[in-house]
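Pasted below: upload.txt, compact mmCIF, C-alpha atoms and all ligand atoms.
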# COMPACT_ATOMS: atom_id res chain seq x y z
CA MET A 1 135.39 76.20 84.79
CA TYR A 2 131.93 77.05 86.09
CA SER A 3 130.91 80.67 86.35
CA LEU A 4 130.24 82.11 89.77
CA ALA A 5 126.60 82.55 88.69
CA THR A 6 126.31 78.83 87.97
CA ILE A 7 127.79 77.99 91.33
CA LEU A 8 125.47 80.41 93.06
CA THR A 9 122.50 78.88 91.22
CA LEU A 10 123.54 75.41 92.38
CA ALA A 11 123.92 76.70 95.92
CA THR A 12 120.52 78.42 95.68
CA ILE A 13 118.77 75.20 94.78
CA ALA A 14 120.17 73.56 97.88
CA LEU A 15 119.90 76.52 100.21
CA ALA A 16 116.57 78.24 100.83
CA ALA A 17 117.30 80.57 103.69
CA ILE A 18 115.11 82.53 106.04
CA HIS A 19 116.45 85.98 106.85
CA SER A 20 115.30 88.14 109.77
CA VAL A 21 115.11 91.92 109.88
CA ASP A 22 114.21 93.82 113.05
CA VAL A 23 112.00 96.79 112.21
CA GLY A 24 112.56 99.57 114.72
CA GLU A 25 113.65 97.47 117.68
CA GLU A 26 116.30 100.08 118.46
CA GLY A 27 114.62 103.25 117.21
CA GLU A 28 114.40 104.34 113.60
CA THR A 29 116.55 101.61 112.08
CA PHE A 30 116.31 98.31 110.28
CA ASN A 31 118.67 95.68 111.60
CA PRO A 32 120.34 94.50 109.47
CA GLN A 33 119.96 97.45 107.14
CA THR A 34 120.93 95.48 104.05
CA LEU A 35 121.01 91.81 103.25
CA THR A 36 121.75 89.50 100.36
CA ALA A 37 119.05 86.98 99.52
CA SER A 38 118.52 84.43 96.78
CA PRO A 39 115.35 83.47 94.91
CA GLY A 40 113.45 81.02 97.12
CA ASP A 41 114.56 82.70 100.33
CA SER A 42 112.12 84.37 102.72
CA VAL A 43 112.61 87.53 104.72
CA VAL A 44 110.83 87.84 108.06
CA PHE A 45 110.33 91.41 109.27
CA HIS A 46 109.89 91.60 113.04
CA LEU A 47 107.73 94.66 113.62
CA TYR A 48 108.23 96.81 116.69
CA SER A 49 105.88 99.64 117.70
CA PRO A 50 105.03 101.90 115.94
CA HIS A 51 106.93 100.92 112.80
CA ASN A 52 105.92 99.28 109.54
CA VAL A 53 107.73 98.25 106.37
CA ALA A 54 106.96 98.89 102.71
CA SER A 55 108.96 98.66 99.51
CA SER A 56 109.37 101.34 96.89
CA ALA A 57 111.07 101.82 93.55
CA TYR A 58 114.67 103.00 93.84
CA SER A 59 113.66 106.13 91.93
CA SER A 60 110.77 106.95 94.26
CA PRO A 61 111.90 106.62 97.89
CA CYS A 62 109.28 106.47 100.67
CA ASN A 63 106.55 105.83 98.11
CA ALA A 64 104.71 102.50 98.34
CA THR A 65 102.55 101.87 95.28
CA SER A 66 100.12 99.06 94.52
CA SER A 67 103.03 96.90 93.36
CA SER A 68 105.03 97.44 96.57
CA PHE A 69 104.92 95.12 99.53
CA PHE A 70 103.42 96.62 102.66
CA SER A 71 103.09 95.16 106.16
CA GLY A 72 100.09 97.30 107.02
CA PRO A 73 100.26 99.69 109.96
CA TYR A 74 101.70 98.42 113.23
CA SER A 75 98.24 98.27 114.81
CA GLY A 76 97.35 95.67 112.20
CA THR A 77 99.95 93.23 113.47
CA SER A 78 98.33 92.15 116.77
CA ASN A 79 100.79 94.12 118.84
CA GLY A 80 103.88 92.51 117.43
CA ALA A 81 102.66 88.93 117.77
CA LYS A 82 102.80 88.60 114.02
CA LYS A 83 105.67 89.06 111.64
CA PHE A 84 105.57 90.19 108.03
CA VAL A 85 107.07 87.64 105.66
CA ILE A 86 107.99 88.15 102.02
CA ASN A 87 109.28 85.67 99.45
CA VAL A 88 112.33 86.67 97.47
CA THR A 89 111.69 85.70 93.86
CA SER A 90 114.65 87.26 92.03
CA THR A 91 117.98 88.89 92.68
CA ASP A 92 116.61 92.32 91.71
CA PRO A 93 117.29 95.02 94.30
CA ILE A 94 114.44 95.72 96.73
CA TYR A 95 114.46 99.01 98.60
CA PHE A 96 112.26 99.33 101.68
CA PHE A 97 111.39 101.93 104.28
CA CYS A 98 109.25 102.64 107.34
CA GLY A 99 106.16 104.63 106.34
CA VAL A 100 105.47 106.13 109.77
CA GLN A 101 105.63 109.94 109.93
CA LYS A 102 109.11 111.12 108.81
CA HIS A 103 110.98 107.89 109.54
CA CYS A 104 111.84 107.31 105.89
CA GLN A 105 113.12 110.87 105.46
CA ASP A 106 115.09 110.45 108.71
CA GLY A 107 116.91 107.49 107.19
CA MET A 108 114.84 104.48 108.27
CA VAL A 109 115.46 102.64 105.00
CA GLY A 110 117.02 99.36 104.00
CA GLY A 111 117.35 96.93 101.15
CA ILE A 112 117.70 93.42 99.81
CA ASN A 113 120.38 92.84 97.15
CA VAL A 114 120.91 96.61 96.87
CA ASP A 115 124.07 98.52 96.10
CA GLN A 116 122.81 102.10 96.14
CA LEU A 117 121.26 102.46 99.57
CA ASP A 118 123.24 105.64 100.36
CA GLN A 119 121.80 107.34 97.27
CA TYR A 120 118.28 106.13 98.08
CA LYS A 121 118.64 107.35 101.67
CA SER A 122 119.88 110.72 100.54
CA ALA A 123 117.03 111.14 98.02
CA ALA A 124 114.56 110.11 100.76
CA LYS A 125 115.47 113.21 102.78
CA ASP A 126 113.75 115.42 100.21
CA VAL A 127 110.46 113.50 100.06
CA LYS A 128 107.59 115.67 101.30
CA LYS A 129 105.35 112.92 102.59
CA ALA A 130 105.93 109.17 102.84
CA GLU A 131 103.22 107.06 101.21
CA ALA A 132 102.50 103.66 102.78
CA SER A 133 98.82 102.94 103.08
CA GLY A 134 96.14 100.49 102.09
CA ASP A 135 95.99 96.76 102.66
CA VAL A 136 98.71 94.33 103.59
CA ARG A 137 100.20 93.22 100.27
CA GLY A 138 103.16 91.47 98.68
CA GLY A 139 103.70 89.36 101.78
CA GLU A 140 101.88 87.83 104.70
CA LEU A 141 101.48 88.53 108.39
CA LEU A 142 102.30 85.25 110.10
CA GLY A 143 102.00 84.17 113.71
CA ASP A 144 104.63 82.08 115.46
CA SER A 145 103.11 78.69 114.53
CA ALA A 146 103.00 79.57 110.83
CA LEU A 147 106.59 80.79 111.10
CA ALA A 148 107.61 77.51 112.69
CA SER A 149 106.22 75.54 109.73
CA LEU A 150 107.93 77.97 107.36
CA SER A 151 111.29 77.19 108.94
CA ALA A 152 110.45 73.47 108.89
CA SER A 153 109.80 73.62 105.15
CA ALA A 154 113.01 75.59 104.65
CA SER A 155 114.83 72.78 106.43
CA ALA A 156 113.18 70.22 104.17
CA SER A 157 114.63 72.01 101.17
CA SER A 158 117.65 72.29 103.45
CA SER A 159 120.20 74.68 104.96
CA SER A 160 120.40 77.97 106.90
CA THR A 161 121.08 78.27 110.59
CA MET A 162 117.39 77.92 111.32
CA SER A 163 117.06 74.65 109.42
CA MET A 164 120.17 73.23 111.07
CA THR A 165 118.42 73.92 114.35
CA SER A 166 115.25 72.17 113.29
CA ALA A 167 117.25 69.28 111.82
CA ALA A 168 118.86 68.88 115.22
CA THR A 169 115.43 69.06 116.85
CA SER A 170 113.92 66.44 114.57
CA SER A 171 116.74 63.96 115.11
CA THR A 172 116.35 64.45 118.87
CA ALA A 173 112.64 63.77 118.50
CA SER A 174 113.27 60.59 116.52
CA THR A 175 115.76 59.33 119.07
CA THR A 176 113.25 59.68 121.88
CA GLY A 177 110.18 58.72 119.84
CA SER A 178 109.52 55.19 118.59
CA SER A 179 107.83 56.01 115.29
CA PRO A 180 109.79 54.57 112.36
CA LYS A 181 108.29 57.31 110.21
CA SER A 182 109.93 60.07 112.21
CA THR A 183 113.23 58.19 112.14
CA GLY A 184 112.95 57.99 108.37
CA ALA A 185 112.24 61.71 108.23
CA ALA A 186 115.28 62.42 110.35
CA VAL A 187 117.47 60.30 108.09
CA ALA A 188 116.08 62.05 105.00
CA GLN A 189 116.77 65.31 106.78
CA ARG A 190 120.40 64.40 107.31
CA GLU A 191 120.75 63.28 103.70
CA VAL A 192 119.36 66.58 102.45
CA SER A 193 121.73 68.46 104.75
CA GLY A 194 124.55 66.28 103.47
CA PHE A 195 123.61 67.17 99.91
CA ALA A 196 123.70 70.89 100.74
CA ALA A 197 127.07 70.48 102.40
CA GLY A 198 128.28 68.65 99.30
CA VAL A 199 127.14 71.45 97.00
CA LEU A 200 128.91 73.96 99.22
CA ALA A 201 132.05 71.86 99.22
CA VAL A 202 131.95 71.65 95.40
CA ALA A 203 131.28 75.40 95.20
CA ALA A 204 134.20 76.12 97.53
CA TYR A 205 136.43 73.86 95.41
CA LEU A 206 135.41 75.56 92.16
CA VAL A 207 135.88 79.06 93.53
C1 LIG B 301 104.43 107.61 93.99
O1 LIG B 301 104.44 106.72 92.87
C2 LIG B 301 103.29 106.87 92.05
C3 LIG B 301 103.31 105.75 91.04
O2 LIG B 301 104.56 105.71 90.35
C4 LIG B 301 103.30 108.25 91.43
O3 LIG B 301 102.16 108.43 90.64
C5 LIG B 301 103.30 109.29 92.55
O4 LIG B 301 103.43 110.58 92.00
C6 LIG B 301 104.47 109.05 93.49
N1 LIG B 301 104.35 109.96 94.62
C7 LIG B 301 105.37 110.75 94.98
C8 LIG B 301 105.13 111.60 96.17
O5 LIG B 301 106.43 110.77 94.37
C1 LIG B 302 105.55 82.57 99.89
O1 LIG B 302 105.83 81.21 99.66
C2 LIG B 302 105.06 80.31 100.47
C3 LIG B 302 105.56 78.92 100.22
O2 LIG B 302 105.60 78.63 98.85
C4 LIG B 302 103.58 80.50 100.12
O3 LIG B 302 102.81 79.65 100.94
C5 LIG B 302 103.20 81.95 100.39
O4 LIG B 302 101.86 82.18 100.03
C6 LIG B 302 104.09 82.87 99.59
N1 LIG B 302 103.79 84.26 99.97
C7 LIG B 302 103.50 85.18 99.08
C8 LIG B 302 103.20 86.53 99.63
O5 LIG B 302 103.49 84.96 97.88
Written as structure tokens, that's how I'd like the structure from this file.
Ligand SMILES: *[C@@H]1O[C@H](CO)[C@@H](O)[C@H](O)[C@H]1NC(C)=O
Ligand SMILES: *[C@@H]1O[C@H](CO)[C@@H](O)[C@H](O)[C@H]1NC(C)=O
Amino acid sequence: MYSLATILTLATIALAAIHSVDVGEEGETFNPQTLTASPGDSVVFHLYSPHNVASSAYSSPCNATSSSFFSGPYSGTSNGAKKFVINVTSTDPIYFFCGVQKHCQDGMVGGINVDQLDQYKSAAKDVKKAEASGDVRGGELLGDSALASLSASASASSSSTMSMTSAATSSTASTTGSSPKSTGAAVAQREVSGFAAGVLAVAAYLV
């Protein structure tokens, strides 16, 4: 019998997902507040005025250091036209917060692969001053065209709702277009999707 970890690793190889987090769209909250992501996945933070996002150690809430990721202040994001994208490289927990004024202390915190967000949030209340300054780091500010190619490459390595959408788009394009190359790409696309579906089916069977 395969371990769950083995199955998850198999699934991870087939499935590179793009996750979205809204940063302050509805006030001082991240939506979703927590998410589960695998190595190879990307997380796209959609920044709404005046918020930003930075990571911190679990033991030091609201404190972005040089090894944290930081989106830069909202004014550095071309008025929301850009999104901050990070690559998930391990399953280690990542705690993040908004560094504006007292938002972190007020509970504007979230996490990736975390299981102690309540404790982090509660410790954040006692922080005197949030620290999130300096240059954009640990991720990239991307415009919509760069994000579109990101989701296209995720679909090439297959899966996720976004890639299913672009797979559908590329087969539509190949139906209407006459280029044999694009037809080939669409076929390859379907085969990759089929492979992912197969891995999921095997994983479901083994579980
Ligand atoms: C933030 O983290 C740095 C590096 O670990 C540390 O030196 C500093 O004291 C921390 N600041 C606060 C307010 O905890
Ligand atoms: C994330 O991964 C993409 C694709 O491999 C790469 O182009 C980008 O530079 C990476 N971003 C960071 C911040 O490492």
Against ligand LIG 302 (chain B), which residues of chain A fall within 10 Å? For each one I want the closest pair of atoms and the distance in Å (one decimal), counting all atoms listed in the file, rows by chain and increasing residue number, as CSV.
residue,atom,partner,partner_atom,distance
A:Gly40,CA,B:LIG302,O1,8.0
A:Asp41,CA,B:LIG302,O1,8.9
A:Ser42,CA,B:LIG302,C1,7.4
A:Val43,CA,B:LIG302,C1,9.9
A:Phe69,CA,B:LIG302,C8,8.8
A:Phe84,CA,B:LIG302,C8,9.5
A:Val85,CA,B:LIG302,C8,7.3
A:Ile86,CA,B:LIG302,C8,5.6
A:Asn87,CA,B:LIG302,C1,4.9
A:Val88,CA,B:LIG302,C1,8.3
A:Thr89,CA,B:LIG302,C1,9.2
A:Val136,CA,B:LIG302,C8,9.8
A:Arg137,CA,B:LIG302,C8,7.4
A:Gly138,CA,B:LIG302,C8,5.0
A:Gly139,CA,B:LIG302,C8,3.6
A:Glu140,CA,B:LIG302,C8,5.4
A:Leu141,CA,B:LIG302,C8,9.1
A:Ala146,CA,B:LIG302,O3,9.9
A:Leu150,CA,B:LIG302,C3,7.6
A:Ser153,CA,B:LIG302,C3,8.4
A:Ala154,CA,B:LIG302,C3,9.3
field: Nearest to ligand LIG 301 (chain B), chosen from A:Asp92, A:Asp144, A:Asp106, A:Glu131, with only C-alpha atoms and all ligand atoms counted in the distances
entry: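 Closest to ligand LIG 301 (chain B), using only C-alpha atoms and all ligand atoms: A:Glu131.
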statement: The distance between CA of Gln105 in chain A and CA of Ala57 in chain A is 15.1 Å
query: Once you count all atoms listed in the file, which residues end up within 12 Å of ligand LIG 301 (chain B), and could you hand them over as JSON, numbers by chain?
result: {"A": [55, 56, 57, 58, 59, 60, 61, 62, 63, 64, 65, 66, 67, 68, 123, 124, 126, 127, 128, 129, 130, 131, 132, 133]}
- request: Would you list the contacts of range 32-36 of chain A as a ChimeraX atom specification, taking every protein, DNA or RNA residue within 7 Å and counting all atoms listed in the file, but skipping same-chain residues closer than 3 positions in sequence?
  value: /A:21,110-113
Coordinates-based distance that separates CA of Asp115 in chain A from CA of Lys83 in chain A (Å, one decimal):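 That distance, rounded to one decimal, is 25.9 Å.
Here CA of Val109 in chain A stands at a distance of 7.4 Å from CA of Tyr95 in chain A.
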query: Got a sec: who's within 12 Å of Leu47 in chain A, counting all atoms listed in the file, leaving out chain neighbours fewer than 2 positions off, as a PyMOL selection string?
result: chain A and resi 20-31+44-45+49-54+70-85+98+141-143
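Here the question is which of A:Tyr120, A:Val114, A:Lys125, A:Ser145 gets nearest to Lys102 in chain A using only C-alpha atoms, and that residue is A:Lys125.
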Assuming the input is short of atoms at range 58-72 of chain A, produce N, CA, C and O atoms for that part as a CSV table (one decimal), keeping the file's coordinate frame.
chain,number,residue,atom,x,y,z
A,58,TYR,N,113.5,102.2,93.5
A,58,TYR,CA,114.7,103.0,93.8
A,58,TYR,C,114.5,104.5,93.5
A,58,TYR,O,114.9,105.3,94.3
A,59,SER,N,113.8,104.8,92.4
A,59,SER,CA,113.7,106.1,91.9
A,59,SER,C,112.6,106.9,92.7
A,59,SER,O,112.4,108.1,92.4
A,60,SER,N,111.9,106.3,93.6
A,60,SER,CA,110.8,107.0,94.3
A,60,SER,C,110.8,106.6,95.7
A,60,SER,O,109.9,105.9,96.2
A,61,PRO,N,111.8,107.0,96.5
A,61,PRO,CA,111.9,106.6,97.9
A,61,PRO,C,110.7,107.0,98.7
A,61,PRO,O,110.0,108.0,98.4
A,62,CYS,N,110.4,106.2,99.7
A,62,CYS,CA,109.3,106.5,100.7
A,62,CYS,C,107.9,106.4,100.0
A,62,CYS,O,107.0,107.0,100.6
A,63,ASN,N,107.8,105.8,98.8
A,63,ASN,CA,106.6,105.8,98.1
A,63,ASN,C,106.1,104.4,97.8
A,63,ASN,O,106.5,103.8,96.8
A,64,ALA,N,105.2,103.8,98.6
A,64,ALA,CA,104.7,102.5,98.3
A,64,ALA,C,103.5,102.6,97.4
A,64,ALA,O,102.6,103.3,97.6
A,65,THR,N,103.6,101.9,96.3
A,65,THR,CA,102.6,101.9,95.3
A,65,THR,C,101.8,100.5,95.4
A,65,THR,O,102.1,99.7,96.3
A,66,SER,N,100.9,100.3,94.5
A,66,SER,CA,100.1,99.1,94.5
A,66,SER,C,101.0,97.8,94.3
A,66,SER,O,100.7,96.7,94.7
A,67,SER,N,102.2,98.1,93.6
A,67,SER,CA,103.0,96.9,93.4
A,67,SER,C,104.1,96.7,94.4
A,67,SER,O,104.9,95.8,94.4
A,68,SER,N,104.1,97.6,95.5
A,68,SER,CA,105.0,97.4,96.6
A,68,SER,C,104.5,96.4,97.5
A,68,SER,O,103.3,96.1,97.6
A,69,PHE,N,105.4,95.9,98.4
A,69,PHE,CA,104.9,95.1,99.5
A,69,PHE,C,104.7,96.1,100.7
A,69,PHE,O,105.3,97.2,100.7
A,70,PHE,N,103.7,95.8,101.5
A,70,PHE,CA,103.4,96.6,102.7
A,70,PHE,C,102.9,95.8,103.8
A,70,PHE,O,102.0,94.9,103.6
A,71,SER,N,103.5,96.0,105.0
A,71,SER,CA,103.1,95.2,106.2
A,71,SER,C,101.8,95.6,106.8
A,71,SER,O,101.3,94.9,107.7
A,72,GLY,N,101.2,96.7,106.3
A,72,GLY,CA,100.1,97.3,107.0
A,72,GLY,C,100.6,98.1,108.2
A,72,GLY,O,101.8,97.9,108.6
